[in-house]
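Chemist: I am sharing structure.txt, which consists of compact mmCIF, C-alpha atoms:
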```
# COMPACT_ATOMS: atom_id res chain seq x y z
CA MET Q 108 79.23 40.95 -17.89
CA ASN Q 109 79.91 38.19 -20.40
CA LYS Q 110 77.68 35.34 -19.24
CA ASN Q 111 79.64 32.88 -21.37
CA LYS Q 112 82.82 33.66 -19.40
CA ALA Q 113 81.23 33.84 -15.95
CA ARG Q 114 82.71 31.10 -13.79
CA ILE Q 115 84.30 30.35 -10.43
CA LYS Q 116 87.46 28.31 -10.02
CA ILE Q 117 88.23 26.80 -6.61
CA ILE Q 118 91.94 26.84 -5.85
CA LYS Q 119 93.34 23.84 -3.96
CA ASP Q 120 93.47 24.87 -0.28
CA GLY Q 121 92.98 28.44 -1.46
CA ALA Q 122 90.47 31.00 -2.66
CA TYR Q 123 87.41 31.14 -4.88
CA CYS Q 124 88.63 32.83 -8.07
CA VAL Q 125 85.75 34.58 -9.83
CA PHE Q 126 85.94 35.38 -13.54
CA GLY Q 127 83.71 37.26 -15.96
CA ALA Q 128 82.82 40.54 -14.20
CA ILE Q 129 80.15 38.85 -12.07
CA PRO Q 130 78.44 41.50 -9.90
CA LEU Q 131 79.52 41.26 -6.25
CA LYS Q 132 77.08 42.38 -3.58
CA GLU Q 133 76.64 42.25 0.17
CA LYS Q 134 73.20 41.29 1.43
CA ILE Q 135 71.86 41.42 4.97
CA ILE Q 136 69.54 38.70 6.28
CA THR Q 137 66.90 40.84 7.99
CA PRO Q 138 63.99 39.67 10.18
CA VAL Q 139 60.70 41.39 9.39
CA GLY Q 140 57.95 40.18 11.69
CA ALA Q 141 57.93 36.39 11.43
CA HIS Q 142 59.67 36.24 8.05
CA TYR Q 143 62.98 37.38 6.55
CA GLU Q 144 64.12 39.66 3.77
CA TYR Q 145 67.41 40.24 1.97
CA ARG Q 146 68.46 43.89 2.28
CA GLU Q 147 71.33 45.67 0.58
CA GLY Q 148 74.59 45.88 2.51
CA ARG Q 149 77.84 47.70 1.78
CA GLU Q 150 78.88 48.56 -1.72
CA LEU Q 151 81.76 46.28 -2.66
CA PRO Q 152 84.47 46.92 -5.26
CA GLN Q 153 83.64 45.51 -8.68
CA SER Q 154 86.18 43.90 -10.99
CA GLU Q 155 86.49 41.72 -14.07
CA ASN Q 156 88.15 39.06 -11.91
CA TYR Q 157 88.45 38.78 -8.13
CA SER Q 158 89.32 36.24 -5.42
CA LEU Q 159 87.12 35.58 -2.40
CA CYS Q 160 88.35 34.18 0.89
CA ARG Q 161 87.59 30.54 1.60
CA CYS Q 162 89.61 29.96 4.79
CA GLY Q 163 87.68 32.51 6.87
CA GLN Q 164 90.73 34.37 8.19
CA THR Q 165 91.46 37.03 5.61
CA LYS Q 166 92.11 40.56 6.87
CA THR Q 167 90.44 42.00 3.76
CA PRO Q 168 86.98 40.36 3.74
CA PRO Q 169 85.37 39.22 1.59
CA PHE Q 170 88.51 39.15 -0.56
CA CYS Q 171 91.39 36.70 -0.25
CA ASP Q 172 94.67 38.15 1.07
CA GLY Q 173 96.70 34.93 0.84
CA TYR Q 174 96.43 34.17 4.56
CA HIS Q 175 95.35 30.58 3.80
CA GLN Q 176 98.99 29.86 2.99
CA GLU Q 177 100.17 31.00 6.42
CA ILE Q 178 97.68 28.86 8.31
CA ASP Q 179 98.06 25.79 6.06
CA PHE Q 180 94.34 25.82 5.30
CA ASP Q 181 92.83 22.46 4.37
CA GLY Q 182 90.21 23.20 1.74
CA THR Q 183 89.60 19.61 0.69
CA GLU Q 184 86.26 19.38 -1.10
CA THR Q 185 84.10 16.66 0.43
CA ALA Q 186 80.64 17.38 -0.98
CA ALA Q 187 78.92 14.71 -3.05
CA ARG Q 188 78.99 15.52 -6.75
CA ASP Q 189 75.86 13.73 -7.86
CA SER Q 190 72.98 15.82 -9.16
CA TYR Q 191 70.48 17.73 -7.04
CA GLU Q 192 67.68 15.56 -8.41
CA ALA Q 193 69.51 12.41 -7.35
CA ARG Q 194 70.17 13.74 -3.82
CA ALA Q 195 66.86 15.42 -3.13
CA GLU Q 196 63.92 13.92 -1.29
CA LEU Q 197 60.56 14.57 -2.97
CA LEU Q 198 57.89 15.62 -0.49
CA LYS Q 199 54.29 15.50 -1.67
CA GLY Q 200 51.94 18.43 -1.10
CA LYS Q 201 48.32 19.18 -1.98
CA GLU Q 202 48.88 21.13 -5.23
CA ILE Q 203 52.66 21.48 -5.34
CA ASP Q 204 55.49 19.25 -4.17
CA LEU Q 205 58.86 20.09 -2.63
CA MET Q 206 62.36 18.81 -3.37
CA ASP Q 207 64.72 18.95 -0.39
CA ASP Q 208 68.38 17.90 -0.53
CA HIS Q 209 68.97 18.89 3.12
CA ARG Q 210 71.97 21.16 2.36
CA CYS Q 211 71.06 23.85 4.88
CA ALA Q 212 72.92 27.16 5.19
CA TYR Q 213 70.65 28.42 8.00
CA LEU Q 214 69.24 31.31 5.97
CA ARG Q 215 65.79 30.75 7.54
CA PHE Q 216 63.69 31.94 4.59
CA CYS Q 217 61.77 28.68 4.93
CA HIS Q 218 60.10 30.31 7.95
CA THR Q 219 57.12 32.56 7.20
CA GLU Q 220 54.19 34.11 9.03
CA LYS Q 221 52.00 31.29 7.73
CA GLY Q 222 54.31 28.42 8.63
CA THR Q 223 57.35 26.69 7.22
CA THR Q 224 57.75 25.76 3.57
CA TRP Q 225 57.10 22.12 4.50
CA ASN Q 226 53.84 23.03 6.25
CA LEU Q 227 52.79 25.28 3.37
CA ILE Q 228 53.00 22.61 0.68
CA GLU Q 229 50.67 20.46 2.77
CA GLU Q 230 48.09 23.26 2.42
CA SER Q 231 48.99 24.31 -1.11
CA ASP Q 232 45.40 23.81 -2.26
CA LYS Q 233 44.90 27.25 -0.69
CA LYS Q 234 45.99 30.02 -3.07
CA GLU Q 235 47.83 32.18 -0.53
CA LYS Q 236 49.76 29.28 0.97
CA LYS Q 237 50.64 27.86 -2.43
CA ALA Q 238 52.15 31.21 -3.48
CA LEU Q 239 54.01 31.52 -0.18
CA ALA Q 240 55.37 27.97 -0.43
CA LYS Q 241 56.80 28.78 -3.87
CA LYS Q 242 58.22 32.13 -2.69
CA SER Q 243 59.87 30.73 0.44
CA ALA Q 244 61.42 27.86 -1.51
CA GLU Q 245 62.96 30.14 -4.14
CA GLU Q 246 64.29 32.46 -1.41
CA CYS Q 247 66.24 29.50 0.01
CA LEU Q 248 69.36 30.62 -1.85
CA ALA Q 249 71.34 27.64 -0.60
CA GLY Q 250 69.43 25.71 -3.26
CA ARG Q 251 68.13 23.27 -0.69
CA LEU Q 252 64.43 23.66 -1.47
CA THR Q 253 62.70 23.62 -4.85
CA ALA Q 254 58.96 23.86 -5.39
CA VAL Q 255 57.67 21.52 -8.11
CA SER Q 256 54.28 21.42 -9.83
CA LYS Q 257 52.28 18.21 -10.07
CA SER Q 258 53.32 18.11 -13.75
CA GLU Q 259 56.98 18.14 -12.53
CA GLU Q 260 57.65 21.73 -13.61
CA ILE Q 261 60.30 23.49 -11.50
CA LEU Q 262 58.65 26.53 -9.90
CA GLU Q 263 61.37 29.12 -9.45
CA LYS Q 264 62.42 32.40 -10.99
CA ASP Q 265 65.64 32.50 -12.98
CA PHE Q 266 68.31 34.57 -11.24
CA GLU Q 267 70.74 36.78 -13.10
CA PRO Q 268 74.37 35.80 -12.44
CA ALA Q 269 75.61 37.37 -9.20
CA VAL Q 270 77.76 36.62 -6.18
CA GLU Q 271 76.29 37.74 -2.86
CA VAL Q 272 78.13 37.80 0.46
CA LEU Q 273 75.65 37.39 3.29
CA GLN Q 274 75.73 38.96 6.74
CA ASP Q 275 73.45 37.77 9.53
CA PRO Q 276 73.31 40.39 12.30
CA GLU Q 277 70.32 38.76 13.97
CA LYS Q 278 72.52 35.76 14.77
CA ASP Q 279 75.66 37.91 15.20
CA CYS Q 280 77.57 36.09 12.50
CA SER Q 281 78.67 36.30 8.90
CA SER Q 282 76.92 33.90 6.57
CA ALA Q 283 77.62 32.14 3.28
CA ILE Q 284 78.63 33.25 -0.20
CA ILE Q 285 75.65 32.87 -2.53
CA VAL Q 286 76.29 32.08 -6.19
CA LYS Q 287 73.25 32.85 -8.35
CA GLY Q 288 72.34 32.38 -11.98
CA ASN Q 289 73.74 28.98 -13.03
CA ILE Q 290 77.36 30.08 -12.78
CA GLU Q 291 79.85 27.31 -13.48
CA ILE Q 292 81.87 26.28 -10.41
CA GLU Q 293 85.03 24.31 -11.07
CA ALA Q 294 86.46 22.13 -8.31
CA ALA Q 295 90.16 22.20 -7.48
CA ASP Q 296 90.57 18.92 -9.38
CA GLY Q 297 88.99 20.40 -12.51
CA GLU Q 298 85.59 18.69 -12.26
CA ILE Q 299 82.59 20.97 -12.81
CA TYR Q 300 79.86 20.93 -10.19
CA GLU Q 301 76.28 20.77 -11.41
CA THR Q 302 75.20 24.32 -12.26
CA ARG Q 303 72.28 25.52 -10.15
CA ASN Q 304 70.05 28.57 -9.99
CA SER Q 305 71.63 29.27 -6.60
CA VAL Q 306 74.02 27.60 -4.16
CA ALA Q 307 75.70 28.60 -0.89
CA LEU Q 308 79.48 28.34 -0.61
CA CYS Q 309 81.33 28.14 2.70
CA ARG Q 310 83.45 31.14 3.68
CA CYS Q 311 84.20 30.33 7.33
CA GLY Q 312 86.60 27.57 6.28
CA LYS Q 313 85.05 25.00 8.63
CA SER Q 314 82.24 23.37 6.66
CA GLU Q 315 82.31 19.58 6.60
CA ASN Q 316 80.65 19.70 3.16
CA LYS Q 317 83.14 21.90 1.32
CA PRO Q 318 82.84 23.83 -0.86
CA PHE Q 319 79.23 24.23 0.25
CA CYS Q 320 77.98 25.87 3.44
CA ASP Q 321 76.67 23.56 6.19
CA CYS Q 322 75.73 26.14 8.89
CA THR Q 323 79.08 25.88 10.69
CA HIS Q 324 79.50 29.67 10.51
CA TYR Q 325 76.50 29.98 12.84
CA HIS Q 326 77.54 27.24 15.26
CA ASN Q 327 81.08 28.65 15.50
CA GLY Q 328 80.05 32.31 15.64
CA PHE Q 329 82.07 33.16 12.53
CA LYS Q 330 82.20 36.90 11.94
CA THR Q 331 84.31 38.84 9.46
CA ASP Q 332 86.25 41.88 10.64
CA ASP Q 333 84.62 44.33 8.23
```
Give the structure from this file in structure tokens form.
Modeler:
Amino acid sequence: MNKNKARIKIIKDGAYCVFGAIPLKEKIITPVGAHYEYREGRELPQSENYSLCRCGQTKTPPFCDGYHQEIDFDGTETAARDSYEARAELLKGKEIDLMDDHRCAYLRFCHTEKGTTWNLIEESDKKEKKALAKKSAEECLAGRLTAVSKSEEILEKDFEPAVEVLQDPEKDCSSAIIVKGNIEIEAADGEIYETRNSVALCRCGKSENKPFCDCTHYHNGFKTDD
């Protein structure tokens, strides 16, 4: 993969076009006790360039089959384009803080055996809970939560570029498309979204915060015909 060429172009009322041989994976959101893990799903075809469905009605998921044209899909992008730092609320904890921009994709990794990420930062003077707060924040692949040190250092691991299609059998639905590793995402109008370590893109076609996921797949029971 050529990291310099890795990018995603959003087509007006159409697909996500992915360039640069970015690895494509399926991951399964899996409950384990009172927490969650990402487990490997199906092996998906790999290609230098590929197009992923954005309207939610393709017959060849996760790939686009052009069906958006038949249904007159409205893919208008409505998400704010200011920076994460500008949008995010800073929540103070004991030894680490938490940034939260409230863009939830209902991945639920903020829930652990020891409490939620928000609870954990309040007890981050305890070694185990501090480590778990950091881990649960970085596993929020929607990019909603970011753990921050008291010296304002971002506490997250750097992801390698990848695109991950999520399935959520516990909730009987298909979840978001995760874009990892600071991959450039170009809007239909040519503007570049802020690059992030990870973000969640909508693939049910119904998000009110396009192109990003807003949990609508769960509320509508969206499920791909794999």
Chemist: Can you pull out the residues contacting region 318-322 of chain Q? Cut-off 7 Å, using only C-alpha atoms, and skip same-chain residues under 4 positions away; I want them as a PDB file with C-alpha atoms, in the coordinates of the input.
Modeler:
```pdb
ATOM      1  CA  GLU Q 184      86.260  19.380  -1.100  1.00  0.00           C
ATOM      2  CA  ALA Q 186      80.640  17.380  -0.980  1.00  0.00           C
ATOM      3  CA  ARG Q 210      71.970  21.160   2.360  1.00  0.00           C
ATOM      4  CA  CYS Q 211      71.060  23.850   4.880  1.00  0.00           C
ATOM      5  CA  ALA Q 212      72.920  27.160   5.190  1.00  0.00           C
ATOM      6  CA  TYR Q 213      70.650  28.420   8.000  1.00  0.00           C
ATOM      7  CA  ALA Q 283      77.620  32.140   3.280  1.00  0.00           C
ATOM      8  CA  ALA Q 307      75.700  28.600  -0.890  1.00  0.00           C
ATOM      9  CA  LEU Q 308      79.480  28.340  -0.610  1.00  0.00           C
ATOM     10  CA  CYS Q 309      81.330  28.140   2.700  1.00  0.00           C
ATOM     11  CA  SER Q 314      82.240  23.370   6.660  1.00  0.00           C
ATOM     12  CA  HIS Q 326      77.540  27.240  15.260  1.00  0.00           C
TER      13      HIS Q 326
END
```
Chemist: Please determine, counting all atoms listed in the file, which residue among Q:Lys134, Q:Arg114, Q:Lys242, Q:Lys199 has the shortest atom-to-atom distance to Glu259 (chain Q).
Modeler: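 Once distances to Glu259 (chain Q) are computed over all atoms listed in the file, the minimum belongs to Q:Lys199.
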Chemist: Could you check which of Q:Asp172, Q:Glu291, Q:Asp208, Q:Asp275 is closest to Asp189 (chain Q), using all atoms listed in the file?
Modeler: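 Looking only at the distances to Asp189 (chain Q), the closest residue turns out to be Q:Asp208.
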Chemist: Could you tell me how far CA of Glu202 (chain Q) sits from CA of Thr219 (chain Q), in Å to one decimal place?
Modeler: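 Interatomic distance here is 18.8 Å.
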Chemist: The residues within 12 Å of (69.0, 29.1, 5.3), using all atoms listed in the file and the coordinates of the file, should be reported as JSON, numbers by chain; which are they?
Modeler: {"Q": [136, 143, 144, 145, 209, 210, 211, 212, 213, 214, 215, 216, 217, 218, 224, 243, 244, 245, 246, 247, 248, 249, 250, 251, 252, 273, 275, 282, 283, 284, 285, 306, 307, 320, 321, 322, 323, 324, 325]}
Chemist: With distances taken over all atoms listed in the file, which of Q:Pro268, Q:Pro130, Q:Gly140, Q:Gly297 is nearest to Asn156 (chain Q)?
Modeler: Q:Pro130
Chemist: Quick one: axis-aligned box around all listed atoms of region 320-331 of chain Q, 3 Å on every side, centre and edge lengths in Å to one decimal, written as JSON.
Modeler:
```
{"center_x": 80.0, "center_y": 31.2, "center_z": 9.5, "size_x": 14.6, "size_y": 21.3, "size_z": 18.2}
```
Chemist: Of the candidates Q:Ile290, Q:Leu227, Q:Cys280, Q:Val139, which shows the shortest atom-to-atom distance to Gly200 (chain Q), using all atoms listed in the file?
Modeler: Q:Leu227
Chemist: Excluding Tyr300 (chain Q) and residues on its chain fewer than 3 positions from it, collect all residues at most 9 Å away from it, counting all atoms listed in the file, and give them as a list in words.
Modeler: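 My reading of the contact set: Arg188, Asp189, Ser190, Glu291, Ile292, Glu293, Ala294 and Arg303 of chain Q.
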Chemist: Compare Q:Glu177, Q:Glu315, Q:Glu277, Q:Glu271 by their minimum atom-to-atom distance to Arg149 (chain Q), counting all atoms listed in the file, and give me the closest one.
Modeler: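 Closest to Arg149 (chain Q) of all the choices is Q:Glu271.
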Chemist: Kindly give the distance, in Å, that separates CA of Thr185 (chain Q) and CA of Gln274 (chain Q), rounded to a single decimal.
Modeler: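 CA of Gln274 (chain Q) lies 24.6 Å from CA of Thr185 (chain Q).
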Chemist: Listing only residues of region 236-313 of chain Q within 7 Å of region 163-167 of chain Q, what is the closest atom pair and its distance in Å (to one decimal) for each, using only C-alpha atoms, sorted by chain and residue number ascending, as JSON lines?
Modeler:
```
{"residue": "Q:Arg310", "atom": "CA", "partner": "Q:Gly163", "partner_atom": "CA", "distance": 5.5}
{"residue": "Q:Cys311", "atom": "CA", "partner": "Q:Gly163", "partner_atom": "CA", "distance": 4.1}
{"residue": "Q:Gly312", "atom": "CA", "partner": "Q:Gly163", "partner_atom": "CA", "distance": 5.1}
```
Chemist: Filtering to C-alpha atoms, could you give me those residues as a short mmCIF file (atom, residue, chain, number, x, y, z; two decimals), in the coordinates of the input?
Modeler:
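Resulting contents of part14.cif:
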```
data_model
loop_
_atom_site.label_atom_id
_atom_site.label_comp_id
_atom_site.auth_asym_id
_atom_site.auth_seq_id
_atom_site.Cartn_x
_atom_site.Cartn_y
_atom_site.Cartn_z
CA ARG Q 310 83.45 31.14 3.68
CA CYS Q 311 84.20 30.33 7.33
CA GLY Q 312 86.60 27.57 6.28
#
```
Chemist: Kindly give the distance, in Å, that separates CA of Val125 (chain Q) and CA of Asn289 (chain Q), rounded to a single decimal.
Modeler: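 Spanning CA of Val125 (chain Q) to CA of Asn289 (chain Q) is a straight-line distance of 13.6 Å.
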Chemist: Reconstruct region 272-283 of chain Q at the level of all heavy atoms, and format the result as a short mmCIF file (atom, residue, chain, number, x, y, z; two decimals), in the coordinates of the input.
Modeler:
```cif
data_model
loop_
_atom_site.label_atom_id
_atom_site.label_comp_id
_atom_site.auth_asym_id
_atom_site.auth_seq_id
_atom_site.Cartn_x
_atom_site.Cartn_y
_atom_site.Cartn_z
N VAL Q 272 77.54 38.12 -0.84
CA VAL Q 272 78.13 37.80 0.46
C VAL Q 272 77.10 38.16 1.53
O VAL Q 272 76.67 39.31 1.61
CB VAL Q 272 79.43 38.60 0.67
CG1 VAL Q 272 80.02 38.31 2.04
CG2 VAL Q 272 80.44 38.28 -0.43
N LEU Q 273 76.72 37.18 2.33
CA LEU Q 273 75.65 37.39 3.29
C LEU Q 273 76.18 37.71 4.69
O LEU Q 273 77.14 37.10 5.15
CB LEU Q 273 74.75 36.16 3.38
CG LEU Q 273 74.03 35.73 2.11
CD1 LEU Q 273 73.08 34.57 2.42
CD2 LEU Q 273 73.27 36.88 1.46
N GLN Q 274 75.50 38.65 5.32
CA GLN Q 274 75.73 38.96 6.74
C GLN Q 274 74.45 38.65 7.51
O GLN Q 274 73.34 38.84 6.98
CB GLN Q 274 76.13 40.42 6.93
CG GLN Q 274 77.39 40.84 6.21
CD GLN Q 274 78.65 40.27 6.84
OE1 GLN Q 274 78.60 39.56 7.85
NE2 GLN Q 274 79.79 40.55 6.24
N ASP Q 275 74.59 38.21 8.74
CA ASP Q 275 73.45 37.77 9.53
C ASP Q 275 73.50 38.41 10.92
O ASP Q 275 73.79 37.74 11.92
CB ASP Q 275 73.48 36.24 9.64
CG ASP Q 275 72.18 35.65 10.17
OD1 ASP Q 275 71.32 36.42 10.62
OD2 ASP Q 275 72.04 34.40 10.11
N PRO Q 276 73.21 39.71 11.01
CA PRO Q 276 73.31 40.39 12.30
C PRO Q 276 72.37 39.85 13.37
O PRO Q 276 72.68 39.92 14.55
CB PRO Q 276 73.01 41.85 11.97
CG PRO Q 276 72.32 41.83 10.65
CD PRO Q 276 72.85 40.64 9.92
N GLU Q 277 71.24 39.31 12.97
CA GLU Q 277 70.32 38.76 13.97
C GLU Q 277 71.00 37.65 14.78
O GLU Q 277 70.80 37.54 15.99
CB GLU Q 277 69.05 38.21 13.30
CG GLU Q 277 68.06 37.68 14.33
CD GLU Q 277 66.91 36.90 13.72
OE1 GLU Q 277 67.14 36.12 12.78
OE2 GLU Q 277 65.79 37.06 14.21
N LYS Q 278 71.82 36.85 14.11
CA LYS Q 278 72.52 35.76 14.77
C LYS Q 278 73.97 36.12 15.09
O LYS Q 278 74.75 35.26 15.52
CB LYS Q 278 72.48 34.50 13.90
CG LYS Q 278 71.07 34.02 13.60
CD LYS Q 278 70.30 33.71 14.88
CE LYS Q 278 68.89 33.21 14.58
NZ LYS Q 278 68.09 32.98 15.81
N ASP Q 279 74.32 37.40 14.89
CA ASP Q 279 75.66 37.91 15.20
C ASP Q 279 76.75 37.09 14.53
O ASP Q 279 77.74 36.70 15.16
CB ASP Q 279 75.88 37.94 16.72
CG ASP Q 279 77.10 38.80 17.11
OD1 ASP Q 279 77.38 39.76 16.38
OD2 ASP Q 279 77.74 38.49 18.13
N CYS Q 280 76.56 36.83 13.24
CA CYS Q 280 77.57 36.09 12.50
C CYS Q 280 77.57 36.51 11.03
O CYS Q 280 76.66 37.21 10.58
CB CYS Q 280 77.36 34.58 12.62
SG CYS Q 280 75.83 33.96 11.89
N SER Q 281 78.59 36.10 10.34
CA SER Q 281 78.67 36.30 8.90
C SER Q 281 78.31 34.99 8.23
O SER Q 281 78.76 33.92 8.64
CB SER Q 281 80.09 36.72 8.51
OG SER Q 281 80.42 37.97 9.08
N SER Q 282 77.48 35.08 7.20
CA SER Q 282 76.92 33.90 6.57
C SER Q 282 77.65 33.54 5.28
O SER Q 282 78.78 33.97 5.05
CB SER Q 282 75.42 34.12 6.33
OG SER Q 282 74.78 32.93 5.92
N ALA Q 283 77.00 32.77 4.44
CA ALA Q 283 77.62 32.14 3.28
C ALA Q 283 77.86 33.11 2.12
O ALA Q 283 77.45 34.27 2.15
CB ALA Q 283 76.73 31.00 2.80
#
```
